[in-house]
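Asker: I am sharing final-v7.txt, which consists of compact mmCIF, C-alpha atoms:
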```
# COMPACT_ATOMS: atom_id res chain seq x y z
CA MET A 179 104.14 92.00 118.67
CA HIS A 180 105.00 88.35 118.93
CA ARG A 181 101.48 86.97 119.18
CA PRO A 182 100.52 83.52 120.44
CA ARG A 183 98.96 81.21 117.91
CA LYS A 184 95.36 80.21 118.31
CA PRO A 185 95.57 77.31 120.77
CA PRO A 186 93.95 73.89 120.43
CA HIS A 187 91.26 72.45 122.61
CA HIS A 188 93.06 71.53 125.83
CA PHE A 189 94.57 73.99 128.30
CA GLN A 190 96.71 73.94 131.39
CA ILE A 191 95.48 76.91 133.37
CA PRO A 192 96.67 77.72 136.88
CA SER A 193 94.06 77.85 139.64
CA PRO A 194 93.07 81.39 140.58
CA VAL A 195 94.88 82.76 143.63
CA PHE A 196 92.18 85.23 144.55
CA VAL A 197 89.06 86.85 143.15
CA VAL A 198 88.96 90.54 142.32
CA HIS A 199 85.89 92.38 143.62
CA TYR A 200 84.87 95.58 141.87
CA PRO A 201 83.81 98.28 144.34
CA PRO A 202 80.62 100.32 143.91
CA PRO A 203 81.08 103.85 142.55
CA SER A 204 81.60 106.68 144.96
CA PRO A 205 79.58 109.94 144.74
CA THR A 206 82.53 111.61 143.02
CA GLN A 207 83.31 108.72 140.68
CA THR A 208 80.11 107.73 138.95
CA HIS A 209 81.41 107.20 135.43
CA PHE A 210 83.78 104.31 136.09
CA PRO A 211 83.67 102.33 139.35
CA TYR A 212 87.29 101.28 139.78
CA LYS A 213 90.13 102.34 142.05
CA PHE A 214 93.34 103.81 140.72
CA ALA A 215 96.75 104.54 142.17
CA PRO A 216 97.39 108.02 143.64
CA LEU A 217 99.09 110.79 141.74
CA SER A 218 102.82 110.49 141.24
CA PRO A 219 105.16 113.53 141.56
CA SER A 220 105.37 116.07 138.76
CA LEU A 221 107.43 114.93 135.82
CA SER A 222 110.08 116.73 133.84
CA PRO A 223 109.60 118.44 130.43
CA ILE A 224 109.13 116.86 127.04
CA THR A 225 111.77 115.05 125.04
CA GLU A 226 111.21 113.74 121.55
CA THR A 227 112.80 111.22 119.20
CA ILE A 228 112.24 111.85 115.50
CA THR A 229 112.38 109.07 112.97
CA GLN A 230 111.97 110.13 109.34
CA SER A 231 110.75 107.52 106.92
CA PRO A 232 112.85 106.87 103.81
CA SER A 233 111.57 108.19 100.52
CA PRO A 234 109.05 105.62 99.30
CA SER A 235 109.37 104.05 95.90
CA PRO A 236 106.76 104.66 93.15
CA PRO A 237 103.75 102.36 93.28
CA TRP A 238 104.38 100.44 90.05
CA SER A 239 102.84 96.99 90.43
CA LEU A 240 100.51 94.49 88.84
CA LEU A 241 97.80 94.87 91.48
CA SER A 242 94.48 96.48 90.80
CA LEU A 243 94.19 100.11 89.72
CA SER A 244 92.23 101.01 92.85
CA ILE A 245 95.09 99.84 95.07
CA SER A 246 97.74 101.63 93.02
CA ILE A 247 95.90 104.94 92.93
CA SER A 248 95.22 105.02 96.65
CA LYS A 249 98.81 103.96 97.38
CA PHE A 250 100.18 106.76 95.17
CA ASN A 251 98.11 109.33 97.06
CA MET A 252 99.32 108.05 100.43
CA LEU A 253 102.97 108.03 99.41
CA ALA A 254 102.78 111.55 97.97
CA GLU A 255 101.45 112.77 101.29
CA ASP A 256 104.20 110.93 103.18
CA LYS A 257 106.87 112.64 101.09
CA SER A 258 105.57 116.07 102.02
CA LYS A 259 105.28 115.43 105.77
CA PRO A 260 107.45 112.74 107.33
CA ILE A 261 106.05 110.79 110.25
CA VAL A 262 107.57 111.29 113.68
CA ILE A 263 107.42 108.70 116.46
CA ARG A 264 107.06 110.58 119.72
CA GLU A 265 108.89 108.40 122.25
CA VAL A 266 107.23 108.73 125.64
CA TRP A 267 109.14 108.16 128.88
CA SER A 268 108.49 109.13 132.48
CA SER A 269 110.05 112.55 131.86
CA ASN A 270 107.56 113.64 129.18
CA LEU A 271 104.48 111.54 129.98
CA ASP A 272 102.34 114.38 131.33
CA SER A 273 103.10 116.78 128.48
CA GLU A 274 102.39 114.13 125.83
CA PHE A 275 99.01 113.35 127.37
CA ASP A 276 98.30 117.09 127.38
CA LEU A 277 98.78 117.03 123.60
CA ILE A 278 96.61 113.94 123.15
CA ARG A 279 93.87 115.45 125.30
CA ASP A 280 93.80 118.52 123.02
CA LEU A 281 93.80 116.42 119.83
CA ILE A 282 91.31 113.66 120.53
CA ASP A 283 88.16 115.55 119.48
CA ASP A 284 89.62 116.25 116.04
CA TYR A 285 91.40 112.88 115.67
CA PRO A 286 88.94 110.37 117.12
CA PHE A 287 90.27 107.26 115.33
CA ILE A 288 92.79 105.48 117.57
CA SER A 289 94.93 102.69 116.20
CA MET A 290 96.64 100.76 118.98
CA ASP A 291 99.27 98.08 119.37
CA THR A 292 101.21 96.71 122.36
CA GLU A 293 104.39 94.79 122.99
CA PHE A 294 104.49 92.31 125.85
CA PRO A 295 106.87 89.50 126.90
CA GLY A 296 105.24 86.67 124.96
CA VAL A 297 103.18 83.97 126.65
CA VAL A 298 104.18 81.71 129.54
CA TYR A 299 100.98 79.65 129.79
CA ARG A 300 100.31 77.59 126.70
CA PRO A 301 97.75 74.99 125.63
CA ARG A 302 98.25 71.60 127.24
CA PRO A 303 99.66 69.16 124.67
CA THR A 304 97.84 65.88 124.21
CA SER A 305 99.68 62.59 124.64
CA ASN A 306 97.76 60.96 121.79
CA PRO A 307 99.02 62.14 118.35
CA HIS A 308 95.93 60.79 116.59
CA HIS A 309 93.67 62.66 118.99
CA GLN A 310 95.74 65.81 118.49
CA ARG A 311 95.30 65.62 114.72
CA SER A 312 91.59 64.90 114.89
CA SER A 313 91.10 67.59 117.52
CA SER A 314 92.80 70.25 115.43
CA HIS A 315 90.65 69.37 112.43
CA HIS A 316 87.27 68.96 114.06
CA HIS A 317 87.29 71.03 117.24
CA ASN A 318 87.74 74.75 117.64
CA PRO A 319 88.43 76.09 121.12
CA ARG A 320 85.58 78.02 122.60
CA PRO A 321 86.00 81.77 123.17
CA SER A 322 85.71 81.14 126.91
CA ASP A 323 88.65 78.71 126.76
CA LEU A 324 90.74 81.17 124.77
CA TYR A 325 89.90 83.87 127.29
CA ARG A 326 91.03 81.69 130.21
CA LEU A 327 94.40 81.29 128.50
CA LEU A 328 94.61 85.02 127.80
CA LYS A 329 93.75 85.91 131.40
CA SER A 330 96.39 83.56 132.79
CA ASN A 331 99.11 85.21 130.71
CA VAL A 332 98.03 88.82 131.12
CA ASP A 333 97.64 88.42 134.88
CA ALA A 334 101.16 86.99 135.14
CA LEU A 335 103.07 89.36 132.82
CA ASN A 336 103.85 93.07 132.49
CA LEU A 337 103.43 95.39 129.53
CA ILE A 338 106.48 96.68 127.64
CA GLN A 339 105.15 99.19 125.07
CA VAL A 340 101.93 100.80 123.85
CA GLY A 341 101.72 102.45 120.45
CA LEU A 342 98.97 104.91 119.49
CA THR A 343 98.17 106.44 116.11
CA LEU A 344 95.50 109.16 116.08
CA SER A 345 93.69 110.03 112.86
CA ASP A 346 90.72 111.99 111.61
CA SER A 347 87.98 110.53 109.41
CA ALA A 348 89.95 111.40 106.24
CA GLY A 349 93.01 109.50 107.44
CA ASN A 350 95.11 112.52 108.39
CA LEU A 351 97.53 112.32 111.31
CA PRO A 352 98.05 115.32 113.64
CA ASP A 353 100.88 117.66 112.64
CA LEU A 354 100.81 119.94 115.72
CA GLY A 355 101.29 122.90 113.42
CA THR A 356 104.66 121.65 112.15
CA GLY A 357 106.05 120.08 109.01
CA ASN A 358 105.79 116.60 110.50
CA ARG A 359 103.01 114.19 111.41
CA TYR A 360 103.02 112.36 114.72
CA ILE A 361 102.32 109.01 116.34
CA TRP A 362 103.08 107.91 119.92
CA GLU A 363 105.07 105.11 121.55
CA PHE A 364 104.89 104.68 125.33
CA ASN A 365 107.74 102.76 127.01
CA PHE A 366 106.91 101.15 130.36
CA SER A 367 109.16 100.56 133.36
CA ASP A 368 107.05 97.76 134.90
CA PHE A 369 108.78 94.86 133.14
CA ASP A 370 112.11 93.71 134.59
CA VAL A 371 113.73 91.26 132.20
CA ASP A 372 115.98 89.90 134.98
CA ARG A 373 113.19 89.07 137.40
CA ASP A 374 109.80 88.94 135.69
CA ALA A 375 108.23 86.00 133.89
CA HIS A 376 108.63 86.07 130.12
CA ALA A 377 109.05 83.94 127.02
CA PRO A 378 112.78 84.04 126.14
CA ASP A 379 112.19 83.83 122.38
CA SER A 380 109.85 86.82 122.52
CA ILE A 381 112.35 88.89 124.50
CA GLU A 382 115.13 88.03 122.07
CA LEU A 383 112.91 89.06 119.16
CA LEU A 384 112.12 92.41 120.79
CA ARG A 385 115.82 93.02 121.52
CA ARG A 386 116.64 92.45 117.87
CA GLN A 387 113.98 94.97 116.91
CA GLY A 388 115.60 97.63 119.06
CA ILE A 389 113.77 97.60 122.39
CA ASP A 390 116.18 98.56 125.18
CA PHE A 391 114.89 96.78 128.27
CA GLU A 392 117.47 98.38 130.53
CA ARG A 393 116.42 101.88 129.48
CA ASN A 394 112.74 100.98 129.80
CA ARG A 395 113.37 99.89 133.37
CA ARG A 396 115.37 103.04 134.15
CA ASP A 397 113.46 105.76 132.28
CA GLY A 398 110.13 104.18 131.39
CA VAL A 399 106.57 105.12 132.29
CA ASP A 400 104.98 103.84 135.49
CA SER A 401 101.77 102.08 134.48
CA ALA A 402 99.80 103.52 137.43
CA ARG A 403 100.55 107.07 136.33
CA PHE A 404 99.81 106.14 132.71
CA ALA A 405 96.41 104.78 133.77
CA GLU A 406 95.56 107.94 135.67
CA LEU A 407 96.39 110.18 132.73
CA MET A 408 94.71 107.92 130.18
CA MET A 409 91.46 107.94 132.14
CA SER A 410 91.28 111.73 131.83
CA SER A 411 92.61 111.97 128.26
CA GLY A 412 89.44 111.33 126.26
CA LEU A 413 90.90 108.11 124.87
CA VAL A 414 88.65 105.94 127.03
CA CYS A 415 85.07 106.14 128.31
CA ASN A 416 84.33 108.18 125.19
CA GLU A 417 81.64 107.02 122.75
CA SER A 418 82.94 109.43 120.09
CA VAL A 419 86.18 107.53 119.46
CA SER A 420 86.86 104.41 117.39
CA TRP A 421 89.61 101.86 118.08
CA VAL A 422 91.46 100.06 115.28
CA THR A 423 93.62 97.06 116.18
CA PHE A 424 95.07 93.81 114.87
CA HIS A 425 94.47 90.53 116.73
CA SER A 426 93.96 92.62 119.82
CA ALA A 427 92.46 90.53 122.62
CA TYR A 428 95.81 90.53 124.43
CA ASP A 429 96.35 94.25 123.70
CA PHE A 430 93.05 95.20 125.31
CA GLY A 431 93.67 92.74 128.11
CA TYR A 432 96.88 94.50 129.11
CA LEU A 433 95.30 97.95 128.87
CA MET A 434 92.36 96.79 130.98
CA LYS A 435 94.73 95.38 133.61
CA ILE A 436 96.57 98.70 133.77
CA LEU A 437 93.48 100.91 133.79
CA THR A 438 91.60 98.94 136.44
CA ARG A 439 94.74 98.22 138.50
CA SER A 440 93.55 94.66 138.98
CA LEU A 441 93.64 91.20 137.48
CA LEU A 442 91.34 90.56 134.55
CA PRO A 443 87.76 89.48 135.25
CA THR A 444 87.24 85.77 135.76
CA ARG A 445 84.56 85.42 133.09
CA LEU A 446 84.62 86.41 129.42
CA ASP A 447 81.25 88.16 129.56
CA ARG A 448 82.51 90.39 132.38
CA PHE A 449 85.69 91.12 130.40
CA LEU A 450 83.62 92.22 127.41
CA GLU A 451 81.41 94.34 129.64
CA VAL A 452 84.38 96.23 131.10
CA LEU A 453 85.89 96.48 127.62
CA ARG A 454 82.70 98.11 126.38
CA VAL A 455 82.76 100.64 129.23
CA LEU A 456 86.39 101.57 128.63
CA PHE A 457 86.71 101.49 124.85
CA GLY A 458 83.15 101.86 123.55
CA SER A 459 81.36 99.89 120.88
CA LYS A 460 83.35 101.07 117.84
CA VAL A 461 86.25 98.63 118.11
CA TYR A 462 87.61 97.15 114.87
CA ASP A 463 89.93 94.15 114.94
CA VAL A 464 91.56 93.91 111.51
CA LYS A 465 92.31 90.22 112.04
CA TYR A 466 88.59 89.58 112.47
CA LEU A 467 87.66 91.82 109.51
CA MET A 468 89.93 89.72 107.28
CA ARG A 469 87.30 86.98 107.38
CA PHE A 470 85.20 89.17 105.09
CA CYS A 471 88.06 90.11 102.74
CA LYS A 472 88.95 87.68 99.98
CA SER A 473 92.66 86.71 99.73
CA LEU A 474 93.72 88.30 103.04
CA TYR A 475 95.38 85.98 105.56
CA GLY A 476 98.33 85.80 107.94
CA GLY A 477 99.89 88.35 110.25
CA LEU A 478 100.03 92.13 110.01
CA ASP A 479 103.09 92.31 107.75
CA ARG A 480 101.69 89.75 105.31
CA VAL A 481 98.36 91.57 105.16
CA ALA A 482 100.12 94.90 104.59
CA GLU A 483 102.19 93.37 101.80
CA THR A 484 99.08 91.99 100.10
CA LEU A 485 97.39 95.38 100.33
CA GLU A 486 100.59 97.12 99.16
CA VAL A 487 100.77 99.16 102.34
CA ASP A 488 104.31 100.19 103.26
CA ARG A 489 105.74 100.47 106.76
CA VAL A 490 106.74 104.12 106.48
CA VAL A 491 108.42 104.51 109.86
CA GLY A 492 109.99 102.27 112.51
CA LYS A 493 110.31 98.49 112.63
CA CYS A 494 107.96 95.57 113.10
CA HIS A 495 107.41 94.54 116.72
CA GLN A 496 107.70 98.15 117.81
CA ALA A 497 104.34 99.32 119.11
CA GLY A 498 104.28 102.77 117.52
CA SER A 499 105.22 101.52 114.07
CA ASP A 500 102.79 98.59 114.25
CA SER A 501 99.94 100.87 115.31
CA LEU A 502 100.53 103.02 112.22
CA LEU A 503 100.74 100.03 109.91
CA THR A 504 97.53 98.67 111.42
CA TRP A 505 95.79 101.98 110.70
CA HIS A 506 97.02 102.08 107.08
CA ALA A 507 95.95 98.46 106.54
CA PHE A 508 92.49 99.17 107.97
CA LYS A 509 92.14 102.28 105.83
CA ARG A 510 93.07 100.33 102.69
CA MET A 511 90.71 97.46 103.56
CA ARG A 512 87.90 99.96 104.02
CA GLU A 513 88.61 101.50 100.62
CA ILE A 514 88.77 98.15 98.78
CA TYR A 515 86.50 95.68 100.59
CA PHE A 516 83.93 97.84 102.38
CA VAL A 517 83.08 100.48 99.77
CA ASP A 518 79.34 99.79 99.60
CA ASP A 519 78.88 98.15 102.97
CA GLY A 520 81.14 99.63 105.64
CA PRO A 521 82.88 97.66 108.40
CA GLU A 522 80.60 99.07 111.11
CA LYS A 523 78.49 95.92 111.31
CA HIS A 524 81.63 93.98 112.27
CA ALA A 525 82.60 96.34 115.10
CA GLY A 526 82.85 95.10 118.65
CA VAL A 527 84.27 91.65 117.91
CA LEU A 528 87.80 90.61 118.87
CA TYR A 529 89.49 87.84 116.91
CA GLY A 530 89.40 84.62 118.93
CA LEU A 531 86.76 85.97 121.29
CA GLU A 532 83.90 86.06 118.80
CA VAL A 533 81.18 87.15 121.17
CA TYR A 534 79.23 90.26 120.18
CA TRP A 535 78.59 93.08 122.63
CA ASN A 536 74.81 93.04 122.53
CA TYR A 537 74.26 96.10 124.65
```
Written as structure tokens, that's how I'd like the structure from this file.
Answerer:
Amino acid sequence: MHRPRKPPHHFQIPSPVFVVHYPPPSPTQTHFPYKFAPLSPSLSPITETITQSPSPSPPWSLLSLSISISKFNMLAEDKSKPIVIREVWSSNLDSEFDLIRDLIDDYPFISMDTEFPGVVYRPRPTSNPHHQRSSSHHHNPRPSDLYRLLKSNVDALNLIQVGLTLSDSAGNLPDLGTGNRYIWEFNFSDFDVDRDAHAPDSIELLRRQGIDFERNRRDGVDSARFAELMMSSGLVCNESVSWVTFHSAYDFGYLMKILTRSLLPTRLDRFLEVLRVLFGSKVYDVKYLMRFCKSLYGGLDRVAETLEVDRVVGKCHQAGSDSLLTWHAFKRMREIYFVDDGPEKHAGVLYGLEVYWNY
């Protein structure tokens, strides 16, 4: 996705229009005390778009032997079973969630990415250039300030895509008993490019990468129905699953907005509390993990290039493809940088919102 840069110290945040109150749980809804939209009508059968990755090139390089060996093993597996992006629209939403519901116990590692229409609220520029330079060098914005900026944007904008890659502990993707392996890309109908707020440069970037906004609006998934099915899928409110992401505060913000059918909480601590309820404690943000990995820096594609991880299907800034690349990057980082001391101690921290979930 086209992600906002880490903002400086000053912000221009709109005043809140209203405060969201979370209702107490009902006797029949004790596990998660939020209201959701009613069921939508039954949806039509499954359709599927298959994208086969090109044959990868041999892993001859000057990087370390450990990287080359693990890369060779991954590429050999990719040759035998191409990866299929299962495009999800309103017509096949229910049947795809049926598959995910059946798979989640055996594939409890979930790599996730989203695409959204950029940011429309940005840090307030300072009128004093000297102060701006000194501020950028000596002052880091607090997590609470970054969260206020995130909340303003997520509350104002609509989600475009969600990509999910499911894997088991050995790194295998589900094959559904076929000769392919599968990942998922959900296309949402909520965003209307002609009427809704967006950042024009972000929309142009997504168009160039192949996102068809007109088709999304016509055939895409309604977020209320998506939320209803996701809540019963085993993806959320499940302590057995792990989430793998890259620079994911905005990603989780949009999912939280959809799942709770409300604006984001006013305070960061409340956001993290709801996040913990929905997604559990085993959340890994690769961007945050990079702090403990020598020589890794930059965005997802740069990190993947450094690790010699190929994008084996799809394009950048497409949620399904980015979720898979995030998973492969995390898997390689775990093999190289966390051999003796796993990444578990760094779980539960989102890049930019470095507040631990101490519960």
Asker: Please return, as a compact mmCIF listing (two decimals) with C-alpha atoms, in the coordinates of the input, all polymer residues that have at least one atom within 8 Å of the point (88.1, 97.0, 108.9); use all atoms listed in the file and the file's own coordinate frame.
Answerer:
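Below you can see part09.txt, which holds the result:
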```txt
# COMPACT_ATOMS: atom_id res chain seq x y z
CA VAL A 422 91.46 100.06 115.28
CA TYR A 462 87.61 97.15 114.87
CA ASP A 463 89.93 94.15 114.94
CA VAL A 464 91.56 93.91 111.51
CA LEU A 467 87.66 91.82 109.51
CA MET A 468 89.93 89.72 107.28
CA PHE A 508 92.49 99.17 107.97
CA LYS A 509 92.14 102.28 105.83
CA MET A 511 90.71 97.46 103.56
CA ARG A 512 87.90 99.96 104.02
CA PHE A 516 83.93 97.84 102.38
CA PRO A 521 82.88 97.66 108.40
CA HIS A 524 81.63 93.98 112.27
```
Asker: If you measure from CA of Tyr466 (chain A) to CA of Asp323 (chain A), what distance in Å do you get, rounded to one decimal?
Answerer: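 About the pair CA of Tyr466 (chain A) and CA of Asp323 (chain A): they are 18.0 Å apart.
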Asker: Can you tell me, as a PyMOL selection string, what residues are no more than 10 Å from Glu532 (chain A) when counting all atoms listed in the file, ignoring any on the same chain fewer than 6 positions away?
Answerer: chain A and resi 320-322+466+526
Asker: Have a look at A:Tyr475, A:Tyr428, A:Tyr515, A:Tyr360 and name the one nearest to Ser345 (chain A); count all atoms listed in the file.
Answerer: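 Comparing A:Tyr475, A:Tyr428, A:Tyr515, A:Tyr360 against Ser345 (chain A), the winner is A:Tyr360.
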Asker: State, in Å with one decimal place, the distance from CA of Asp291 (chain A) to CA of Asn365 (chain A).
Answerer: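 Those two atoms sit 12.3 Å apart.
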Asker: Name all residues at most 9 Å from region 429-434 of chain A (count only C-alpha atoms; drop same-chain ones fewer than 5 positions away) and give them as a ChimeraX atom specification.
Answerer: /A:290-294,328-329,332-333,335-337,340,405,423-424,439-442,449,452-453,456-457
Asker: Quick one: distance from CA of Arg454 (chain A) to CA of Ser420 (chain A) in Å, one decimal?
Answerer: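 Between these atoms lies a distance of 11.7 Å.
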Asker: I need the residue nearest Val490 (chain A) from this list: A:Arg359, A:His376, A:Arg326, A:Arg395. Use all atoms listed in the file for the distance.
Answerer: A:Arg359
Asker: With only C-alpha atoms as the atoms that count, which of A:Ile436, A:Leu478, A:Ile338, A:Leu324 lies nearest to Ser401 (chain A)?
Answerer: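 Looking at the shortest contact to Ser401 (chain A), the residue is A:Ile436.
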Asker: Quick one: everything within 8 Å of Leu407 (chain A), counting all atoms listed in the file, minus sequence neighbours fewer than 4 positions away in the same chain. Send it as a VMD selection string.
Answerer: chain A and resid 272 275 403 411
Asker: Choose the residue, out of A:Leu474, A:Met409, A:Ile361, A:Leu531, that has the smallest atom-to-atom separation from Pro319 (chain A); count all atoms listed in the file.
Answerer: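 Ranking A:Leu474, A:Met409, A:Ile361, A:Leu531 by distance to Pro319 (chain A), first place goes to A:Leu531.
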Asker: May I ask which of the residues A:Val455, A:Leu342, A:Val371, A:Leu485 is the closest one to Glu392 (chain A), counting all atoms listed in the file?
Answerer: A:Val371
Asker: Find the residue from A:Asp488, A:Glu363, A:Asp447, A:Asp370 that sits nearest to Thr343 (chain A); use all atoms listed in the file when measuring.
Answerer: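 Counting all atoms listed in the file, the residue closest to Thr343 (chain A) is A:Glu363.
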Asker: Any chance you could model all heavy atoms for region 402-411 of chain A and send them as a JSON list (two decimals), keeping the file's coordinate frame?
Answerer:
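Ended up saving to part_20.json:
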```
[["chain", "number", "residue", "atom", "x", "y", "z"],
["A", 402, "ALA", "N", 100.85, 102.90, 136.61],
["A", 402, "ALA", "CA", 99.80, 103.52, 137.43],
["A", 402, "ALA", "C", 99.59, 104.97, 137.02],
["A", 402, "ALA", "O", 98.45, 105.44, 136.92],
["A", 402, "ALA", "CB", 100.17, 103.42, 138.91],
["A", 403, "ARG", "N", 100.66, 105.68, 136.78],
["A", 403, "ARG", "CA", 100.55, 107.07, 136.33],
["A", 403, "ARG", "C", 99.96, 107.14, 134.92],
["A", 403, "ARG", "O", 99.13, 108.00, 134.61],
["A", 403, "ARG", "CB", 101.93, 107.74, 136.37],
["A", 403, "ARG", "CG", 101.94, 109.20, 135.92],
["A", 403, "ARG", "CD", 101.06, 110.06, 136.78],
["A", 403, "ARG", "NE", 101.15, 111.47, 136.39],
["A", 403, "ARG", "CZ", 100.25, 112.39, 136.70],
["A", 403, "ARG", "NH1", 99.17, 112.05, 137.40],
["A", 403, "ARG", "NH2", 100.39, 113.64, 136.33],
["A", 404, "PHE", "N", 100.37, 106.22, 134.06],
["A", 404, "PHE", "CA", 99.81, 106.14, 132.71],
["A", 404, "PHE", "C", 98.30, 105.95, 132.78],
["A", 404, "PHE", "O", 97.54, 106.61, 132.07],
["A", 404, "PHE", "CB", 100.45, 104.98, 131.96],
["A", 404, "PHE", "CG", 99.87, 104.71, 130.60],
["A", 404, "PHE", "CD1", 100.36, 105.35, 129.48],
["A", 404, "PHE", "CD2", 98.84, 103.79, 130.44],
["A", 404, "PHE", "CE1", 99.83, 105.10, 128.22],
["A", 404, "PHE", "CE2", 98.29, 103.53, 129.19],
["A", 404, "PHE", "CZ", 98.79, 104.19, 128.07],
["A", 405, "ALA", "N", 97.84, 105.05, 133.65],
["A", 405, "ALA", "CA", 96.41, 104.78, 133.77],
["A", 405, "ALA", "C", 95.66, 106.02, 134.21],
["A", 405, "ALA", "O", 94.58, 106.35, 133.69],
["A", 405, "ALA", "CB", 96.18, 103.65, 134.77],
["A", 406, "GLU", "N", 96.21, 106.73, 135.16],
["A", 406, "GLU", "CA", 95.56, 107.94, 135.67],
["A", 406, "GLU", "C", 95.39, 108.98, 134.58],
["A", 406, "GLU", "O", 94.31, 109.58, 134.42],
["A", 406, "GLU", "CB", 96.40, 108.49, 136.82],
["A", 406, "GLU", "CG", 95.82, 109.71, 137.50],
["A", 406, "GLU", "CD", 96.76, 110.22, 138.58],
["A", 406, "GLU", "OE1", 97.67, 109.49, 138.98],
["A", 406, "GLU", "OE2", 96.56, 111.37, 139.01],
["A", 407, "LEU", "N", 96.45, 109.18, 133.79],
["A", 407, "LEU", "CA", 96.39, 110.18, 132.73],
["A", 407, "LEU", "C", 95.51, 109.71, 131.57],
["A", 407, "LEU", "O", 94.80, 110.51, 130.95],
["A", 407, "LEU", "CB", 97.80, 110.49, 132.23],
["A", 407, "LEU", "CG", 98.70, 111.21, 133.23],
["A", 407, "LEU", "CD1", 100.14, 111.27, 132.72],
["A", 407, "LEU", "CD2", 98.17, 112.62, 133.52],
["A", 408, "MET", "N", 95.54, 108.43, 131.27],
["A", 408, "MET", "CA", 94.71, 107.92, 130.18],
["A", 408, "MET", "C", 93.23, 108.05, 130.50],
["A", 408, "MET", "O", 92.41, 108.34, 129.62],
["A", 408, "MET", "CB", 95.07, 106.47, 129.87],
["A", 408, "MET", "CG", 94.42, 105.94, 128.60],
["A", 408, "MET", "SD", 95.04, 104.31, 128.12],
["A", 408, "MET", "CE", 94.15, 104.05, 126.57],
["A", 409, "MET", "N", 92.86, 107.84, 131.76],
["A", 409, "MET", "CA", 91.46, 107.94, 132.14],
["A", 409, "MET", "C", 90.90, 109.34, 131.95],
["A", 409, "MET", "O", 89.70, 109.52, 131.77],
["A", 409, "MET", "CB", 91.28, 107.49, 133.59],
["A", 409, "MET", "CG", 91.40, 106.00, 133.81],
["A", 409, "MET", "SD", 90.22, 105.01, 132.85],
["A", 409, "MET", "CE", 88.67, 105.62, 133.50],
["A", 410, "SER", "N", 91.74, 110.35, 131.99],
["A", 410, "SER", "CA", 91.28, 111.73, 131.83],
["A", 410, "SER", "C", 91.64, 112.32, 130.48],
["A", 410, "SER", "O", 91.51, 113.52, 130.26],
["A", 410, "SER", "CB", 91.88, 112.61, 132.94],
["A", 410, "SER", "OG", 93.30, 112.65, 132.85],
["A", 411, "SER", "N", 92.09, 111.48, 129.54],
["A", 411, "SER", "CA", 92.61, 111.97, 128.26],
["A", 411, "SER", "C", 91.57, 112.08, 127.17],
["A", 411, "SER", "O", 91.81, 112.71, 126.14],
["A", 411, "SER", "CB", 93.72, 111.04, 127.77],
["A", 411, "SER", "OG", 93.18, 109.76, 127.45]]
```
